[in-house]
Structure formats: C-alpha cells, structure tokens
$ cat start.pdb   # PDB, C-alpha atoms, pLDDT in the B column
ATOM      1  CA  MET A  96    -115.447 -39.612 -68.386  1.00 55.00           C
ATOM      2  CA  ASN A  97    -116.657 -39.269 -64.855  1.00 58.00           C
ATOM      3  CA  ASP A  98    -115.452 -37.027 -62.033  1.00 55.00           C
ATOM      4  CA  GLN A  99    -113.573 -39.857 -60.423  1.00 56.00           C
ATOM      5  CA  ASP A 100    -111.340 -40.372 -63.447  1.00 54.00           C
ATOM      6  CA  TYR A 101    -110.707 -36.667 -63.770  1.00 51.00           C
ATOM      7  CA  SER A 102    -109.599 -36.233 -60.133  1.00 52.00           C
ATOM      8  CA  GLU A 103    -106.865 -38.825 -60.417  1.00 54.00           C
ATOM      9  CA  ASN A 104    -103.370 -37.609 -60.916  1.00 55.00           C
ATOM     10  CA  HIS A 105    -102.497 -38.161 -64.558  1.00 57.00           C
ATOM     11  CA  ALA A 106     -99.043 -36.682 -64.225  1.00 53.00           C
ATOM     12  CA  PRO A 107     -96.171 -38.773 -65.577  1.00 55.00           C
ATOM     13  CA  GLN A 108     -94.357 -41.014 -63.120  1.00 56.00           C
ATOM     14  CA  ASN A 109     -91.174 -38.894 -62.912  1.00 55.00           C
ATOM     15  CA  ALA A 110     -92.794 -35.464 -62.965  1.00 54.00           C
ATOM     16  CA  ALA A 111     -91.906 -33.145 -60.125  1.00 53.00           C
ATOM     17  CA  ILE A 112     -94.830 -32.109 -58.011  1.00 53.00           C
ATOM     18  CA  PRO A 113     -94.501 -28.570 -56.651  1.00 57.00           C
ATOM     19  CA  GLY A 114     -93.856 -28.545 -52.927  1.00 56.00           C
ATOM     20  CA  ASP A 115     -93.098 -32.283 -52.858  1.00 54.00           C
ATOM     21  CA  ASN A 116     -89.552 -33.064 -51.778  1.00 57.00           C
ATOM     22  CA  ASN A 117     -89.928 -36.771 -52.532  1.00 59.00           C
ATOM     23  CA  SER A 118     -90.503 -36.329 -56.247  1.00 57.00           C
ATOM     24  CA  GLY A 119     -87.410 -38.257 -57.320  1.00 60.00           C
ATOM     25  CA  TYR A 120     -85.498 -35.192 -58.460  1.00 62.00           C
ATOM     26  CA  ALA A 121     -82.997 -33.376 -56.322  1.00 61.00           C
ATOM     27  CA  PRO A 122     -83.847 -29.713 -55.949  1.00 69.00           C
ATOM     28  CA  TYR A 123     -81.630 -27.344 -57.913  1.00 72.00           C
ATOM     29  CA  ARG A 124     -78.738 -26.253 -55.766  1.00 74.00           C
ATOM     30  CA  GLU A 125     -76.869 -23.157 -56.638  1.00 72.00           C
ATOM     31  CA  GLU A 126     -73.212 -23.661 -55.918  1.00 73.00           C
ATOM     32  CA  PRO A 127     -71.786 -20.752 -53.949  1.00 76.00           C
ATOM     33  CA  ARG A 128     -69.174 -18.847 -55.914  1.00 79.00           C
ATOM     34  CA  VAL A 129     -65.820 -19.393 -54.355  1.00 82.00           C
ATOM     35  CA  LEU A 130     -63.694 -16.428 -55.296  1.00 84.00           C
ATOM     36  CA  LYS A 131     -59.954 -16.783 -55.281  1.00 86.00           C
ATOM     37  CA  HIS A 132     -57.722 -14.110 -53.809  1.00 84.00           C
ATOM     38  CA  SER A 133     -56.141 -11.860 -56.393  1.00 88.00           C
ATOM     39  CA  GLY A 134     -52.466 -12.495 -57.015  1.00 91.00           C
ATOM     40  CA  PRO A 135     -51.532  -8.815 -57.309  1.00 91.00           C
ATOM     41  CA  GLY A 136     -53.452  -8.108 -54.091  1.00 93.00           C
ATOM     42  CA  ILE A 137     -51.439 -10.719 -52.226  1.00 93.00           C
ATOM     43  CA  ALA A 138     -48.246  -9.341 -53.783  1.00 95.00           C
ATOM     44  CA  SER A 139     -49.161  -5.824 -52.624  1.00 95.00           C
ATOM     45  CA  PHE A 140     -49.749  -7.075 -49.084  1.00 95.00           C
ATOM     46  CA  VAL A 141     -46.431  -8.955 -49.074  1.00 96.00           C
ATOM     47  CA  ILE A 142     -44.627  -5.881 -50.427  1.00 96.00           C
ATOM     48  CA  ALA A 143     -46.150  -3.798 -47.622  1.00 96.00           C
ATOM     49  CA  MET A 144     -44.994  -6.268 -44.970  1.00 96.00           C
ATOM     50  CA  VAL A 145     -41.482  -6.510 -46.481  1.00 96.00           C
ATOM     51  CA  ALA A 146     -41.234  -2.713 -46.649  1.00 96.00           C
ATOM     52  CA  LEU A 147     -42.357  -2.307 -43.028  1.00 95.00           C
ATOM     53  CA  ALA A 148     -39.824  -4.904 -41.922  1.00 96.00           C
ATOM     54  CA  GLY A 149     -37.205  -3.135 -44.039  1.00 95.00           C
ATOM     55  CA  TYR A 150     -37.922   0.199 -42.354  1.00 93.00           C
ATOM     56  CA  ILE A 151     -37.575  -1.379 -38.923  1.00 94.00           C
ATOM     57  CA  VAL A 152     -34.326  -3.156 -39.831  1.00 94.00           C
ATOM     58  CA  SER A 153     -32.817  -0.078 -41.493  1.00 91.00           C
ATOM     59  CA  PHE A 154     -33.507   2.116 -38.453  1.00 88.00           C
ATOM     60  CA  ILE A 155     -32.049  -0.539 -36.150  1.00 91.00           C
ATOM     61  CA  VAL A 156     -28.927  -0.894 -38.303  1.00 89.00           C
ATOM     62  CA  ALA A 157     -28.503   2.871 -38.605  1.00 84.00           C
ATOM     63  CA  GLY A 158     -28.928   3.181 -34.844  1.00 83.00           C
ATOM     64  CA  THR A 159     -26.259   0.582 -34.177  1.00 85.00           C
ATOM     65  CA  LEU A 160     -23.916   2.329 -36.610  1.00 81.00           C
ATOM     66  CA  ILE A 161     -24.451   5.728 -34.975  1.00 78.00           C
ATOM     67  CA  ALA A 162     -24.461   4.563 -31.320  1.00 76.00           C
ATOM     68  CA  PRO A 163     -20.678   4.001 -30.998  1.00 77.00           C
ATOM     69  CA  VAL A 164     -19.866   7.525 -32.183  1.00 74.00           C
ATOM     70  CA  LEU A 165     -22.132   9.304 -29.688  1.00 73.00           C
ATOM     71  CA  ASP A 166     -20.630  10.630 -26.479  1.00 71.00           C
ATOM     72  CA  GLU A 167     -22.419  10.853 -23.120  1.00 71.00           C
ATOM     73  CA  THR A 168     -24.126  14.141 -23.978  1.00 74.00           C
ATOM     74  CA  GLY A 169     -25.527  12.820 -27.277  1.00 69.00           C
ATOM     75  CA  VAL A 170     -23.173  14.819 -29.493  1.00 72.00           C
ATOM     76  CA  LEU A 171     -21.632  13.055 -32.473  1.00 70.00           C
ATOM     77  CA  LYS A 172     -17.876  12.704 -31.950  1.00 68.00           C
ATOM     78  CA  GLY A 173     -16.815  10.852 -35.063  1.00 69.00           C
ATOM     79  CA  GLU A 174     -17.536  10.074 -38.682  1.00 72.00           C
ATOM     80  CA  THR A 175     -21.190   9.092 -39.152  1.00 70.00           C
ATOM     81  CA  SER A 176     -21.705   9.789 -42.848  1.00 76.00           C
ATOM     82  CA  GLY A 177     -21.813   6.050 -43.624  1.00 78.00           C
ATOM     83  CA  ALA A 178     -24.711   5.469 -41.254  1.00 79.00           C
ATOM     84  CA  PHE A 179     -26.703   8.412 -42.573  1.00 81.00           C
ATOM     85  CA  LEU A 180     -25.946   7.415 -46.168  1.00 86.00           C
ATOM     86  CA  PHE A 181     -27.170   3.875 -45.459  1.00 85.00           C
ATOM     87  CA  LEU A 182     -30.335   5.149 -43.794  1.00 86.00           C
ATOM     88  CA  GLY A 183     -31.087   7.598 -46.594  1.00 87.00           C
ATOM     89  CA  LEU A 184     -30.586   5.033 -49.354  1.00 91.00           C
ATOM     90  CA  ALA A 185     -32.570   2.400 -47.480  1.00 92.00           C
ATOM     91  CA  ILE A 186     -35.502   4.764 -46.979  1.00 90.00           C
ATOM     92  CA  LEU A 187     -35.460   5.794 -50.650  1.00 91.00           C
ATOM     93  CA  ALA A 188     -35.336   2.160 -51.798  1.00 94.00           C
ATOM     94  CA  LEU A 189     -38.146   1.173 -49.435  1.00 94.00           C
ATOM     95  CA  GLY A 190     -40.167   4.202 -50.576  1.00 93.00           C
ATOM     96  CA  ALA A 191     -39.810   3.003 -54.172  1.00 95.00           C
ATOM     97  CA  LEU A 192     -40.930  -0.435 -53.003  1.00 96.00           C
ATOM     98  CA  ASN A 193     -44.010   1.167 -51.446  1.00 95.00           C
ATOM     99  CA  VAL A 194     -44.834   2.912 -54.728  1.00 96.00           C
ATOM    100  CA  ILE A 195     -44.615  -0.453 -56.490  1.00 96.00           C
ATOM    101  CA  GLY A 196     -46.850  -1.925 -53.777  1.00 96.00           C
ATOM    102  CA  VAL A 197     -49.506   0.747 -54.329  1.00 96.00           C
ATOM    103  CA  VAL A 198     -49.501   0.173 -58.099  1.00 96.00           C
ATOM    104  CA  VAL A 199     -49.725  -3.608 -57.717  1.00 95.00           C
ATOM    105  CA  GLY A 200     -52.479  -3.198 -55.113  1.00 94.00           C
ATOM    106  CA  ILE A 201     -54.524  -1.029 -57.464  1.00 94.00           C
ATOM    107  CA  ILE A 202     -54.098  -3.656 -60.178  1.00 94.00           C
ATOM    108  CA  GLY A 203     -55.307  -6.280 -57.688  1.00 92.00           C
ATOM    109  CA  LEU A 204     -58.358  -4.149 -56.898  1.00 92.00           C
ATOM    110  CA  ALA A 205     -59.208  -3.778 -60.579  1.00 92.00           C
ATOM    111  CA  LEU A 206     -59.402  -7.523 -61.246  1.00 89.00           C
ATOM    112  CA  ARG A 207     -62.925  -8.867 -61.571  1.00 88.00           C
ATOM    113  CA  GLY A 208     -64.047 -12.118 -60.051  1.00 88.00           C
ATOM    114  CA  ARG A 209     -61.382 -12.083 -57.348  1.00 88.00           C
ATOM    115  CA  ARG A 210     -61.399 -11.286 -53.657  1.00 88.00           C
ATOM    116  CA  LYS A 211     -60.185  -7.809 -52.877  1.00 89.00           C
ATOM    117  CA  VAL A 212     -59.156  -8.183 -49.218  1.00 92.00           C
ATOM    118  CA  PHE A 213     -55.397  -8.360 -49.688  1.00 92.00           C
ATOM    119  CA  GLY A 214     -55.496  -5.709 -52.406  1.00 92.00           C
ATOM    120  CA  ILE A 215     -57.264  -3.291 -50.075  1.00 94.00           C
ATOM    121  CA  ILE A 216     -54.979  -4.018 -47.125  1.00 95.00           C
ATOM    122  CA  GLY A 217     -51.803  -3.811 -49.230  1.00 95.00           C
ATOM    123  CA  THR A 218     -52.852  -0.599 -50.961  1.00 96.00           C
ATOM    124  CA  VAL A 219     -53.847   1.065 -47.679  1.00 96.00           C
ATOM    125  CA  ILE A 220     -50.639   0.087 -45.853  1.00 96.00           C
ATOM    126  CA  ASN A 221     -48.381   1.083 -48.753  1.00 96.00           C
ATOM    127  CA  GLY A 222     -50.312   4.323 -49.220  1.00 96.00           C
ATOM    128  CA  LEU A 223     -50.126   5.231 -45.528  1.00 96.00           C
ATOM    129  CA  VAL A 224     -46.389   4.573 -45.441  1.00 94.00           C
ATOM    130  CA  LEU A 225     -45.928   6.770 -48.511  1.00 94.00           C
ATOM    131  CA  LEU A 226     -48.065   9.487 -46.932  1.00 95.00           C
ATOM    132  CA  VAL A 227     -45.988   9.415 -43.739  1.00 93.00           C
ATOM    133  CA  PHE A 228     -42.817   9.437 -45.852  1.00 88.00           C
ATOM    134  CA  LEU A 229     -43.993  12.503 -47.812  1.00 89.00           C
ATOM    135  CA  LEU A 230     -45.123  14.281 -44.635  1.00 93.00           C
ATOM    136  CA  LEU A 231     -41.734  13.597 -43.075  1.00 87.00           C
ATOM    137  CA  ILE A 232     -39.980  15.105 -46.102  1.00 85.00           C
ATOM    138  CA  ALA A 233     -42.301  18.137 -45.985  1.00 89.00           C
ATOM    139  CA  VAL A 234     -41.617  18.696 -42.275  1.00 91.00           C
ATOM    140  CA  VAL A 235     -37.855  18.407 -42.795  1.00 86.00           C
ATOM    141  CA  LEU A 236     -37.938  20.844 -45.721  1.00 87.00           C
ATOM    142  CA  MET A 237     -40.069  23.341 -43.773  1.00 88.00           C
ATOM    143  CA  SER A 238     -37.811  23.151 -40.728  1.00 87.00           C
ATOM    144  CA  ALA A 239     -34.714  23.508 -42.912  1.00 82.00           C
ATOM    145  CA  GLY A 240     -36.204  26.641 -44.439  1.00 77.00           C
ATOM    146  CA  SER A 241     -36.906  28.149 -41.016  1.00 73.00           C
ATOM    147  CA  LEU A 242     -33.304  27.627 -39.846  1.00 62.00           C
ATOM    148  CA  GLN A 243     -31.914  30.269 -42.205  1.00 58.00           C
TER     149      GLN A 243
END
$ encode --input "start.pdb" --output "structure tokens"
Amino acid sequence: MNDQDYSENHAPQNAAIPGDNNSGYAPYREEPRVLKHSGPGIASFVIAMVALAGYIVSFIVAGTLIAPVLDETGVLKGETSGAFLFLGLAILALGALNVIGVVVGIIGLALRGRRKVFGIIGTVINGLVLLVFLLLIAVVLMSAGSLQ
C-alpha cells in the first residue's frame, strides 16, 4: 500500500462528512415545541372579563334604579331597597365568580407543558378584584364602627 492509496477517501458513498452540507443527508432539525394554551387558564381569563363586565353592568343598573328616587339635593326620597338589594346580591355573586376564577387560574398555572399566559392574567385580575372587594368591605366595616 502506498501513500497515494491511503490518502484517498475510503468512506462509504452515503457517509456524512463533518462540515459538508452536501453530504446527501439533511441535517437534524429540532422541531420547536409548540405549547398550547391551558384550558383552565383561558377559562380563568374569561371569568375575569365576565366578572368585570358584570360589575360594570350591575353598578349601571343600580344607578338607574336609584336615580329616579333622588331629589335635587341628592337625598333619597323613596323606596330604594330593591336597588341596594340587587347591587348587594350582584356583587356577592360576582365575588364568588372571582373566587372560582382564581381557583381555575391556579389550576391552569399548575398544568405542565402548557402556556401560562392566560392563567397568569386571569389569576392576577381575579385576585386584584377580590383584594379590592375585601378592602372595600374592610373600609365599610371600619367606618361603620366609627359611626357609633
């Protein structure tokens, strides 16, 4: 065997040569993982949006029920218990909806292999609304205690 025979490429015909892009084989391509959005996360976000819309609608409806019984000075002149009852029940029902939204959002955050964007947004919005709701109750209770 001479040096000339040894310097020839004795690699098989289909063998991939490192650094050669024309070797006949396509380079290994790693497919990017496409994560789907989590269902509970989306549900939490939708619950947050429905609850926010519900708060807006309930305050508008309560305002339209109370407006006709106000006189020019802003003093109530008639029966308004129906409007306040509606507003109180609507806020309690929407508060319960926010609690459900927080729980579903946490479930959406706990799922593996799913996107967490809607779960985070839904949990934060529902949690902030609940925090404002609880702070409002605390302020009302503190002011009611100072009136005596």
$ closest_residue --input "start.pdb" --among "A:Ile215, A:Leu165, A:Ala157, A:Val141" --to "A:Phe179" --atoms "only C-alpha atoms"
A:Ala157
$ residues_around --input "start.pdb" --residues "A:Val198" --least-positions-apart "2" --cutoff "12 Å" --atoms "only C-alpha atoms" --output "compact mmCIF listing (two decimals) with C-alpha atoms, keeping the file's coordinate frame"
# COMPACT_ATOMS: atom_id res chain seq x y z
CA PRO A 135 -51.53 -8.82 -57.31
CA GLY A 136 -53.45 -8.11 -54.09
CA ALA A 138 -48.25 -9.34 -53.78
CA SER A 139 -49.16 -5.82 -52.62
CA PHE A 140 -49.75 -7.08 -49.08
CA ILE A 142 -44.63 -5.88 -50.43
CA ALA A 143 -46.15 -3.80 -47.62
CA ALA A 191 -39.81 3.00 -54.17
CA LEU A 192 -40.93 -0.44 -53.00
CA ASN A 193 -44.01 1.17 -51.45
CA VAL A 194 -44.83 2.91 -54.73
CA ILE A 195 -44.62 -0.45 -56.49
CA GLY A 196 -46.85 -1.92 -53.78
CA GLY A 200 -52.48 -3.20 -55.11
CA ILE A 201 -54.52 -1.03 -57.46
CA ILE A 202 -54.10 -3.66 -60.18
CA GLY A 203 -55.31 -6.28 -57.69
CA LEU A 204 -58.36 -4.15 -56.90
CA ALA A 205 -59.21 -3.78 -60.58
CA GLY A 214 -55.50 -5.71 -52.41
CA ILE A 215 -57.26 -3.29 -50.08
CA GLY A 217 -51.80 -3.81 -49.23
CA THR A 218 -52.85 -0.60 -50.96
CA VAL A 219 -53.85 1.06 -47.68
CA ASN A 221 -48.38 1.08 -48.75
CA GLY A 222 -50.31 4.32 -49.22
$ atom_distance --input "start.pdb" --atom1 "atom CA of A:Ala233" --atom2 "atom CA of A:Ala162"
26.8 Å
$ resolve_selection --input "start.pdb" --expression "the PyMOL selection byres ((chain A and resi 208) around 8)" --output "list in words"
Leu130, Lys131, Leu206, Arg207, Arg209 and Arg210 of chain A
$ residues_around --input "start.pdb" --residues "A:Ile186" --least-positions-apart "2" --cutoff "10 Å" --atoms "only C-alpha atoms" --output "list in words"
Ala146, Gly149, Tyr150, Ser153, Phe154, Leu180, Phe181, Leu182, Gly183, Leu184, Ala188, Leu189, Gly190, Ala191, Leu192 and Phe228 of chain A
$ axis_aligned_box --input "start.pdb" --around "stretch 167-183 of chain A" --padding-each-side "5 Å" --output "JSON"
{"center_x": -24.0, "center_y": 9.3, "center_z": -34.9, "size_x": 24.3, "size_y": 20.9, "size_z": 33.5}
$ atom_distance --input "start.pdb" --atom1 "atom CA of A:Ser133" --atom2 "atom CA of A:Lys211"
6.7 Å
$ atom_distance --input "start.pdb" --atom1 "atom CA of A:Phe213" --atom2 "atom CA of A:Gly134"
8.9 Å
$ closest_residue --input "start.pdb" --among "A:Thr159, A:Leu187, A:Met237, A:Val152" --to "A:Thr175" --atoms "all atoms listed in the file"
A:Thr159
